[in-house]
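Structure below is input_26.pdb: PDB, C-alpha atoms.
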```pdb
ATOM      1  CA  GLN A1272     -27.025   4.646 -43.793  1.00  0.00           C
ATOM      2  CA  VAL A1273     -28.267   5.143 -40.243  1.00  0.00           C
ATOM      3  CA  GLN A1274     -30.804   2.961 -38.483  1.00  0.00           C
ATOM      4  CA  LEU A1275     -32.744   4.458 -35.599  1.00  0.00           C
ATOM      5  CA  VAL A1276     -34.612   2.509 -32.940  1.00  0.00           C
ATOM      6  CA  GLU A1277     -36.829   4.269 -30.432  1.00  0.00           C
ATOM      7  CA  SER A1278     -37.810   2.908 -27.028  1.00  0.00           C
ATOM      8  CA  GLY A1279     -39.349   4.078 -23.785  1.00  0.00           C
ATOM      9  CA  GLY A1280     -42.897   4.794 -24.847  1.00  0.00           C
ATOM     10  CA  GLY A1281     -45.901   3.623 -22.878  1.00  0.00           C
ATOM     11  CA  LEU A1282     -49.011   4.558 -20.954  1.00  0.00           C
ATOM     12  CA  VAL A1283     -48.756   7.201 -18.263  1.00  0.00           C
ATOM     13  CA  GLN A1284     -51.189   9.332 -16.290  1.00  0.00           C
ATOM     14  CA  ALA A1285     -51.409  13.070 -16.834  1.00  0.00           C
ATOM     15  CA  GLY A1286     -48.677  14.812 -14.875  1.00  0.00           C
ATOM     16  CA  GLY A1287     -46.364  11.853 -15.156  1.00  0.00           C
ATOM     17  CA  SER A1288     -43.027  11.437 -16.908  1.00  0.00           C
ATOM     18  CA  LEU A1289     -41.437   9.265 -19.553  1.00  0.00           C
ATOM     19  CA  ARG A1290     -37.985   9.174 -21.110  1.00  0.00           C
ATOM     20  CA  LEU A1291     -37.704   8.185 -24.715  1.00  0.00           C
ATOM     21  CA  SER A1292     -34.448   6.850 -26.120  1.00  0.00           C
ATOM     22  CA  CYS A1293     -33.293   6.561 -29.697  1.00  0.00           C
ATOM     23  CA  ALA A1294     -30.319   4.348 -30.483  1.00  0.00           C
ATOM     24  CA  ALA A1295     -28.498   4.887 -33.765  1.00  0.00           C
ATOM     25  CA  SER A1296     -26.366   2.446 -35.693  1.00  0.00           C
ATOM     26  CA  GLY A1297     -23.072   3.374 -37.311  1.00  0.00           C
ATOM     27  CA  ARG A1298     -19.931   5.215 -36.280  1.00  0.00           C
ATOM     28  CA  THR A1299     -20.803   8.713 -37.438  1.00  0.00           C
ATOM     29  CA  PHE A1300     -23.511   9.658 -34.954  1.00  0.00           C
ATOM     30  CA  ASN A1301     -21.828  12.969 -34.210  1.00  0.00           C
ATOM     31  CA  SER A1302     -22.288  13.963 -37.862  1.00  0.00           C
ATOM     32  CA  TYR A1303     -26.026  14.178 -37.336  1.00  0.00           C
ATOM     33  CA  ALA A1304     -28.296  16.697 -35.726  1.00  0.00           C
ATOM     34  CA  MET A1305     -31.146  14.784 -34.121  1.00  0.00           C
ATOM     35  CA  GLY A1306     -34.807  15.531 -33.797  1.00  0.00           C
ATOM     36  CA  TRP A1307     -37.963  14.216 -32.228  1.00  0.00           C
ATOM     37  CA  PHE A1308     -41.304  14.462 -34.017  1.00  0.00           C
ATOM     38  CA  ARG A1309     -44.756  13.179 -33.109  1.00  0.00           C
ATOM     39  CA  GLN A1310     -47.967  12.276 -34.844  1.00  0.00           C
ATOM     40  CA  ALA A1311     -51.281  12.183 -33.044  1.00  0.00           C
ATOM     41  CA  PRO A1312     -54.257  10.251 -34.434  1.00  0.00           C
ATOM     42  CA  GLY A1313     -55.827  12.088 -37.347  1.00  0.00           C
ATOM     43  CA  LYS A1314     -53.141  14.779 -37.367  1.00  0.00           C
ATOM     44  CA  GLU A1315     -50.027  15.507 -39.351  1.00  0.00           C
ATOM     45  CA  ARG A1316     -46.613  14.746 -37.963  1.00  0.00           C
ATOM     46  CA  GLU A1317     -45.176  17.718 -36.082  1.00  0.00           C
ATOM     47  CA  PHE A1318     -41.792  18.841 -34.809  1.00  0.00           C
ATOM     48  CA  VAL A1319     -41.144  18.446 -31.067  1.00  0.00           C
ATOM     49  CA  ALA A1320     -37.460  19.075 -30.350  1.00  0.00           C
ATOM     50  CA  ALA A1321     -34.022  19.048 -31.952  1.00  0.00           C
ATOM     51  CA  ILE A1322     -30.407  19.017 -30.810  1.00  0.00           C
ATOM     52  CA  SER A1323     -27.251  19.951 -32.679  1.00  0.00           C
ATOM     53  CA  ARG A1324     -24.623  17.354 -33.438  1.00  0.00           C
ATOM     54  CA  SER A1325     -22.394  18.717 -30.685  1.00  0.00           C
ATOM     55  CA  GLY A1326     -25.280  18.916 -28.223  1.00  0.00           C
ATOM     56  CA  ILE A1327     -24.643  22.576 -27.445  1.00  0.00           C
ATOM     57  CA  ARG A1328     -27.845  23.851 -29.004  1.00  0.00           C
ATOM     58  CA  THR A1329     -31.427  22.697 -28.613  1.00  0.00           C
ATOM     59  CA  TYR A1330     -34.772  23.873 -29.961  1.00  0.00           C
ATOM     60  CA  TYR A1331     -38.338  23.084 -28.899  1.00  0.00           C
ATOM     61  CA  THR A1332     -41.811  23.642 -30.167  1.00  0.00           C
ATOM     62  CA  ASP A1333     -43.700  26.056 -27.917  1.00  0.00           C
ATOM     63  CA  SER A1334     -46.137  23.484 -26.553  1.00  0.00           C
ATOM     64  CA  VAL A1335     -43.378  21.434 -24.870  1.00  0.00           C
ATOM     65  CA  LYS A1336     -41.013  24.169 -23.695  1.00  0.00           C
ATOM     66  CA  GLY A1337     -40.296  23.836 -19.998  1.00  0.00           C
ATOM     67  CA  ARG A1338     -41.649  20.271 -19.910  1.00  0.00           C
ATOM     68  CA  PHE A1339     -39.504  18.301 -22.383  1.00  0.00           C
ATOM     69  CA  THR A1340     -35.719  18.088 -22.573  1.00  0.00           C
ATOM     70  CA  ILE A1341     -33.737  16.684 -25.473  1.00  0.00           C
ATOM     71  CA  SER A1342     -30.201  15.447 -24.869  1.00  0.00           C
ATOM     72  CA  ARG A1343     -27.645  13.171 -26.466  1.00  0.00           C
ATOM     73  CA  GLU A1344     -24.694  10.966 -25.574  1.00  0.00           C
ATOM     74  CA  ASN A1345     -22.549  10.694 -28.659  1.00  0.00           C
ATOM     75  CA  TYR A1346     -20.332   7.958 -27.191  1.00  0.00           C
ATOM     76  CA  LYS A1347     -23.487   5.841 -26.832  1.00  0.00           C
ATOM     77  CA  ASN A1348     -24.969   6.845 -30.212  1.00  0.00           C
ATOM     78  CA  THR A1349     -28.144   7.747 -28.351  1.00  0.00           C
ATOM     79  CA  VAL A1350     -30.502  10.701 -28.144  1.00  0.00           C
ATOM     80  CA  TYR A1351     -33.107  11.126 -25.406  1.00  0.00           C
ATOM     81  CA  LEU A1352     -36.342  12.967 -24.865  1.00  0.00           C
ATOM     82  CA  GLN A1353     -37.228  13.478 -21.212  1.00  0.00           C
ATOM     83  CA  MET A1354     -40.916  14.295 -20.978  1.00  0.00           C
ATOM     84  CA  ASN A1355     -42.304  15.697 -17.731  1.00  0.00           C
ATOM     85  CA  SER A1356     -45.718  17.049 -16.750  1.00  0.00           C
ATOM     86  CA  LEU A1357     -47.282  15.072 -19.544  1.00  0.00           C
ATOM     87  CA  LYS A1358     -50.708  16.061 -20.819  1.00  0.00           C
ATOM     88  CA  PRO A1359     -53.326  14.044 -22.722  1.00  0.00           C
ATOM     89  CA  GLU A1360     -52.591  16.188 -25.782  1.00  0.00           C
ATOM     90  CA  ASP A1361     -49.051  14.779 -25.798  1.00  0.00           C
ATOM     91  CA  THR A1362     -50.502  11.425 -26.821  1.00  0.00           C
ATOM     92  CA  ALA A1363     -48.912  10.448 -30.135  1.00  0.00           C
ATOM     93  CA  VAL A1364     -46.447   8.208 -31.866  1.00  0.00           C
ATOM     94  CA  TYR A1365     -43.023   9.729 -31.292  1.00  0.00           C
ATOM     95  CA  TYR A1366     -40.381   9.470 -33.991  1.00  0.00           C
ATOM     96  CA  CYS A1367     -36.644   9.995 -33.816  1.00  0.00           C
ATOM     97  CA  ALA A1368     -34.944  11.458 -36.896  1.00  0.00           C
ATOM     98  CA  ALA A1369     -31.384  12.160 -38.037  1.00  0.00           C
ATOM     99  CA  ASP A1370     -30.209  15.078 -40.176  1.00  0.00           C
ATOM    100  CA  LEU A1371     -26.748  14.770 -41.744  1.00  0.00           C
ATOM    101  CA  VAL A1372     -24.999  18.061 -40.978  1.00  0.00           C
ATOM    102  CA  LEU A1373     -21.359  17.061 -41.293  1.00  0.00           C
ATOM    103  CA  ASN A1374     -20.417  20.186 -43.274  1.00  0.00           C
ATOM    104  CA  LYS A1375     -22.461  22.549 -41.150  1.00  0.00           C
ATOM    105  CA  PRO A1376     -21.417  24.307 -37.908  1.00  0.00           C
ATOM    106  CA  SER A1377     -21.537  22.158 -34.783  1.00  0.00           C
ATOM    107  CA  TYR A1378     -24.482  24.201 -33.448  1.00  0.00           C
ATOM    108  CA  TYR A1379     -26.613  23.789 -36.591  1.00  0.00           C
ATOM    109  CA  ILE A1380     -30.108  22.303 -36.234  1.00  0.00           C
ATOM    110  CA  GLU A1381     -33.259  22.103 -38.327  1.00  0.00           C
ATOM    111  CA  TYR A1382     -36.869  21.772 -37.325  1.00  0.00           C
ATOM    112  CA  GLY A1383     -38.322  21.127 -40.755  1.00  0.00           C
ATOM    113  CA  GLU A1384     -39.379  17.547 -41.320  1.00  0.00           C
ATOM    114  CA  GLY A1385     -38.032  17.562 -44.873  1.00  0.00           C
ATOM    115  CA  SER A1386     -34.490  18.248 -43.660  1.00  0.00           C
ATOM    116  CA  TYR A1387     -34.180  14.919 -41.889  1.00  0.00           C
ATOM    117  CA  ASP A1388     -32.619  12.013 -43.730  1.00  0.00           C
ATOM    118  CA  TYR A1389     -33.379   8.988 -41.545  1.00  0.00           C
ATOM    119  CA  TRP A1390     -36.335   8.050 -39.392  1.00  0.00           C
ATOM    120  CA  GLY A1391     -37.119   5.476 -36.760  1.00  0.00           C
ATOM    121  CA  GLN A1392     -40.264   3.384 -36.644  1.00  0.00           C
ATOM    122  CA  GLY A1393     -41.766   5.317 -33.762  1.00  0.00           C
ATOM    123  CA  THR A1394     -42.846   4.585 -30.210  1.00  0.00           C
ATOM    124  CA  GLN A1395     -46.342   5.107 -28.829  1.00  0.00           C
ATOM    125  CA  VAL A1396     -46.888   7.508 -25.936  1.00  0.00           C
ATOM    126  CA  THR A1397     -50.347   7.554 -24.379  1.00  0.00           C
ATOM    127  CA  VAL A1398     -51.250   9.996 -21.621  1.00  0.00           C
ATOM    128  CA  SER A1399     -54.474   9.303 -19.762  1.00  0.00           C
ATOM    129  CA  SER A1400     -56.484  12.021 -18.054  1.00  0.00           C
TER     130      SER A1400
END
```
Is it possible to express this structure as structure tokens?
Amino acid sequence: QVQLVESGGGLVQAGGSLRLSCAASGRTFNSYAMGWFRQAPGKEREFVAAISRSGIRTYYTDSVKGRFTISRENYKNTVYLQMNSLKPEDTAVYYCAADLVLNKPSYYIEYGEGSYDYWGQGTQVTVSS
């Protein structure tokens, strides 16, 4: 069982930056690929970014490429999402998720929501124009 707690959300003006953090419980954090998803009002939850359990591979949805960076510090059981050049359309609740990939290669990641086993409660990001 893994518990995930997101933090770092808030209100920011367009063009600004935020860094989201997701702290995981347990001693097997490096067995999980990690992902960030978001859900805007009235829309379905969508994939944002993912990172392999080793951290050597990352993947982003097209709309955030070049603006967002996902990273992780396994010794801190934490994954981050650095968000720069924020736009009003980035406004959403952002969720951290963990995908158990212990028996997969260290570079393995998924971007399908159904592949993820554990989810945080989410943190609100609001970008004003």
Counting all atoms listed in the file, the option among A:Ala1304, A:Met1354, A:Ala1285, A:Val1335 closest to Ala1369 (chain A)
A:Ala1304
Just give me the gap between CA of Arg1324 (chain A) and CA of Tyr1382 (chain A) in Å, one decimal is fine.
13.6 Å
For Val1364 (chain A), the nearest of the candidates A:Met1305, A:Val1319, A:Ala1295, A:Ile1327, counting all atoms listed in the file:
A:Val1319
Within 8 Å of (-44.2, 15.1, -37.8) (file coordinates; only C-alpha atoms), which protein or nucleic acid residues are there? I'd like them as a ChimeraX atom specification.
/A:1308-1310,1315-1318,1366,1384
If you count all atoms listed in the file, which residues fall within 8 Å of Cys1367 (chain A), apart from same-chain ones fewer than 6 positions away, as a PDB file with C-alpha atoms, keeping the file's coordinate frame?
```pdb
ATOM      1  CA  LEU A1275     -32.744   4.458 -35.599  1.00  0.00           C
ATOM      2  CA  VAL A1276     -34.612   2.509 -32.940  1.00  0.00           C
ATOM      3  CA  GLU A1277     -36.829   4.269 -30.432  1.00  0.00           C
ATOM      4  CA  CYS A1293     -33.293   6.561 -29.697  1.00  0.00           C
ATOM      5  CA  MET A1305     -31.146  14.784 -34.121  1.00  0.00           C
ATOM      6  CA  GLY A1306     -34.807  15.531 -33.797  1.00  0.00           C
ATOM      7  CA  TRP A1307     -37.963  14.216 -32.228  1.00  0.00           C
ATOM      8  CA  PHE A1308     -41.304  14.462 -34.017  1.00  0.00           C
ATOM      9  CA  TRP A1390     -36.335   8.050 -39.392  1.00  0.00           C
ATOM     10  CA  GLY A1391     -37.119   5.476 -36.760  1.00  0.00           C
ATOM     11  CA  GLY A1393     -41.766   5.317 -33.762  1.00  0.00           C
TER      12      GLY A1393
END
```
My list of candidates is A:Ala1368, A:Gly1287, A:Pro1312, A:Lys1375. Which is closest to Asp1388 (chain A) when distances are computed with all atoms listed in the file?
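The shortest atom-to-atom distance to Asp1388 (chain A) comes from A:Ala1368.
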Within 7 Å of Val1273 (chain A), counting all atoms listed in the file, which residues qualify if same-chain residues fewer than 3 places away don't, as an MDAnalysis selection string?
chainID A and resid 1295:1297 1389
Using only C-alpha atoms, pick whichever of A:Gly1286, A:Pro1359, A:Gly1326, A:Gly1313 has the shortest atom-to-atom distance to Arg1338 (chain A).
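Of all the options, A:Gly1286 lies closest to Arg1338 (chain A).
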Matched chain/residue IDs from the PyMOL selection byres ((chain A and resi 1340) around 7), as an MDAnalysis selection string:
chainID A and resid 1338:1339 1341:1342 1352:1354
Pick the closest to Ser1278 (chain A) from A:Gln1395, A:Ser1386, A:Val1372, A:Gly1337: which is it, counting all atoms listed in the file?
A:Gln1395
Across A:Gln1284, A:Leu1291, A:Ser1377, A:Ile1322, the smallest distance to Glu1360 (chain A), with all atoms listed in the file counted, is shown by A:Gln1284
Translate the PyMOL selection byres ((chain A and resi 1282) around 12), as applied to the file shown, into an explicit residue set as a PDB file with C-alpha atoms, in the coordinates of the input.
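Final file, expr_21.pdb:
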```pdb
ATOM      1  CA  GLY A1279     -39.349   4.078 -23.785  1.00  0.00           C
ATOM      2  CA  GLY A1280     -42.897   4.794 -24.847  1.00  0.00           C
ATOM      3  CA  GLY A1281     -45.901   3.623 -22.878  1.00  0.00           C
ATOM      4  CA  VAL A1283     -48.756   7.201 -18.263  1.00  0.00           C
ATOM      5  CA  GLN A1284     -51.189   9.332 -16.290  1.00  0.00           C
ATOM      6  CA  ALA A1285     -51.409  13.070 -16.834  1.00  0.00           C
ATOM      7  CA  GLY A1286     -48.677  14.812 -14.875  1.00  0.00           C
ATOM      8  CA  GLY A1287     -46.364  11.853 -15.156  1.00  0.00           C
ATOM      9  CA  SER A1288     -43.027  11.437 -16.908  1.00  0.00           C
ATOM     10  CA  LEU A1289     -41.437   9.265 -19.553  1.00  0.00           C
ATOM     11  CA  ARG A1290     -37.985   9.174 -21.110  1.00  0.00           C
ATOM     12  CA  LEU A1357     -47.282  15.072 -19.544  1.00  0.00           C
ATOM     13  CA  LYS A1358     -50.708  16.061 -20.819  1.00  0.00           C
ATOM     14  CA  PRO A1359     -53.326  14.044 -22.722  1.00  0.00           C
ATOM     15  CA  ASP A1361     -49.051  14.779 -25.798  1.00  0.00           C
ATOM     16  CA  THR A1362     -50.502  11.425 -26.821  1.00  0.00           C
ATOM     17  CA  ALA A1363     -48.912  10.448 -30.135  1.00  0.00           C
ATOM     18  CA  VAL A1364     -46.447   8.208 -31.866  1.00  0.00           C
ATOM     19  CA  THR A1394     -42.846   4.585 -30.210  1.00  0.00           C
ATOM     20  CA  GLN A1395     -46.342   5.107 -28.829  1.00  0.00           C
ATOM     21  CA  VAL A1396     -46.888   7.508 -25.936  1.00  0.00           C
ATOM     22  CA  THR A1397     -50.347   7.554 -24.379  1.00  0.00           C
ATOM     23  CA  VAL A1398     -51.250   9.996 -21.621  1.00  0.00           C
ATOM     24  CA  SER A1399     -54.474   9.303 -19.762  1.00  0.00           C
ATOM     25  CA  SER A1400     -56.484  12.021 -18.054  1.00  0.00           C
TER      26      SER A1400
END
```
How many Å lie between CA of Tyr1379 (chain A) and CA of Ala1320 (chain A), rounded to one decimal?
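Those two atoms sit 13.4 Å apart.
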Show me, as a ChimeraX atom specification, the residues that have an atom within 6 Å of Asn1348 (chain A) when counting only C-alpha atoms, minus same-chain residues fewer than 2 positions from it.
/A:1294-1295,1300,1345-1346
Name the residues that the PyMOL selection byres ((chain A and resi 1371) around 6) picks from the file above, as a PyMOL selection string, using the file's chain letters and numbers.
chain A and resi 1302-1303+1370+1372-1373
Students should find that CA of Arg1328 (chain A) and CA of Tyr1378 (chain A) are spaced 5.6 Å
N, CA, C and O atoms are needed for region 1275-1287 of chain A; please write them out as a PDB file, in the coordinates of the input.
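Once written, selection.pdb looks like this:
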```pdb
ATOM      1  N   LEU A1275     -32.333   3.859 -36.862  1.00  0.00           N
ATOM      2  CA  LEU A1275     -32.744   4.458 -35.599  1.00  0.00           C
ATOM      3  C   LEU A1275     -33.815   3.589 -34.952  1.00  0.00           C
ATOM      4  O   LEU A1275     -34.778   3.192 -35.619  1.00  0.00           O
ATOM      5  N   VAL A1276     -33.650   3.333 -33.671  1.00  0.00           N
ATOM      6  CA  VAL A1276     -34.612   2.509 -32.940  1.00  0.00           C
ATOM      7  C   VAL A1276     -35.022   3.244 -31.681  1.00  0.00           C
ATOM      8  O   VAL A1276     -34.187   3.483 -30.791  1.00  0.00           O
ATOM      9  N   GLU A1277     -36.307   3.575 -31.598  1.00  0.00           N
ATOM     10  CA  GLU A1277     -36.829   4.269 -30.432  1.00  0.00           C
ATOM     11  C   GLU A1277     -37.302   3.269 -29.381  1.00  0.00           C
ATOM     12  O   GLU A1277     -37.711   2.148 -29.708  1.00  0.00           O
ATOM     13  N   SER A1278     -37.278   3.704 -28.131  1.00  0.00           N
ATOM     14  CA  SER A1278     -37.810   2.908 -27.028  1.00  0.00           C
ATOM     15  C   SER A1278     -38.232   3.855 -25.921  1.00  0.00           C
ATOM     16  O   SER A1278     -37.891   5.043 -25.936  1.00  0.00           O
ATOM     17  N   GLY A1279     -38.990   3.301 -24.963  1.00  0.00           N
ATOM     18  CA  GLY A1279     -39.349   4.078 -23.785  1.00  0.00           C
ATOM     19  C   GLY A1279     -40.776   4.593 -23.775  1.00  0.00           C
ATOM     20  O   GLY A1279     -41.197   5.199 -22.786  1.00  0.00           O
ATOM     21  N   GLY A1280     -41.513   4.361 -24.847  1.00  0.00           N
ATOM     22  CA  GLY A1280     -42.897   4.794 -24.847  1.00  0.00           C
ATOM     23  C   GLY A1280     -43.749   3.948 -23.926  1.00  0.00           C
ATOM     24  O   GLY A1280     -43.302   2.930 -23.390  1.00  0.00           O
ATOM     25  N   GLY A1281     -45.003   4.377 -23.732  1.00  0.00           N
ATOM     26  CA  GLY A1281     -45.901   3.623 -22.878  1.00  0.00           C
ATOM     27  C   GLY A1281     -47.102   4.437 -22.479  1.00  0.00           C
ATOM     28  O   GLY A1281     -47.380   5.492 -23.051  1.00  0.00           O
ATOM     29  N   LEU A1282     -47.805   3.917 -21.481  1.00  0.00           N
ATOM     30  CA  LEU A1282     -49.011   4.558 -20.954  1.00  0.00           C
ATOM     31  C   LEU A1282     -48.668   5.221 -19.622  1.00  0.00           C
ATOM     32  O   LEU A1282     -48.080   4.580 -18.740  1.00  0.00           O
ATOM     33  N   VAL A1283     -49.048   6.470 -19.488  1.00  0.00           N
ATOM     34  CA  VAL A1283     -48.756   7.201 -18.263  1.00  0.00           C
ATOM     35  C   VAL A1283     -49.931   8.135 -17.952  1.00  0.00           C
ATOM     36  O   VAL A1283     -50.640   8.576 -18.869  1.00  0.00           O
ATOM     37  N   GLN A1284     -50.132   8.404 -16.673  1.00  0.00           N
ATOM     38  CA  GLN A1284     -51.189   9.332 -16.290  1.00  0.00           C
ATOM     39  C   GLN A1284     -50.741  10.769 -16.505  1.00  0.00           C
ATOM     40  O   GLN A1284     -49.536  11.080 -16.486  1.00  0.00           O
ATOM     41  N   ALA A1285     -51.701  11.640 -16.692  1.00  0.00           N
ATOM     42  CA  ALA A1285     -51.409  13.070 -16.834  1.00  0.00           C
ATOM     43  C   ALA A1285     -50.594  13.549 -15.635  1.00  0.00           C
ATOM     44  O   ALA A1285     -50.882  13.168 -14.488  1.00  0.00           O
ATOM     45  N   GLY A1286     -49.582  14.339 -15.911  1.00  0.00           N
ATOM     46  CA  GLY A1286     -48.677  14.812 -14.875  1.00  0.00           C
ATOM     47  C   GLY A1286     -47.462  13.942 -14.682  1.00  0.00           C
ATOM     48  O   GLY A1286     -46.517  14.339 -13.987  1.00  0.00           O
ATOM     49  N   GLY A1287     -47.475  12.777 -15.288  1.00  0.00           N
ATOM     50  CA  GLY A1287     -46.364  11.853 -15.156  1.00  0.00           C
ATOM     51  C   GLY A1287     -45.228  12.149 -16.118  1.00  0.00           C
ATOM     52  O   GLY A1287     -45.243  13.147 -16.844  1.00  0.00           O
TER      53      GLY A1287
END
```
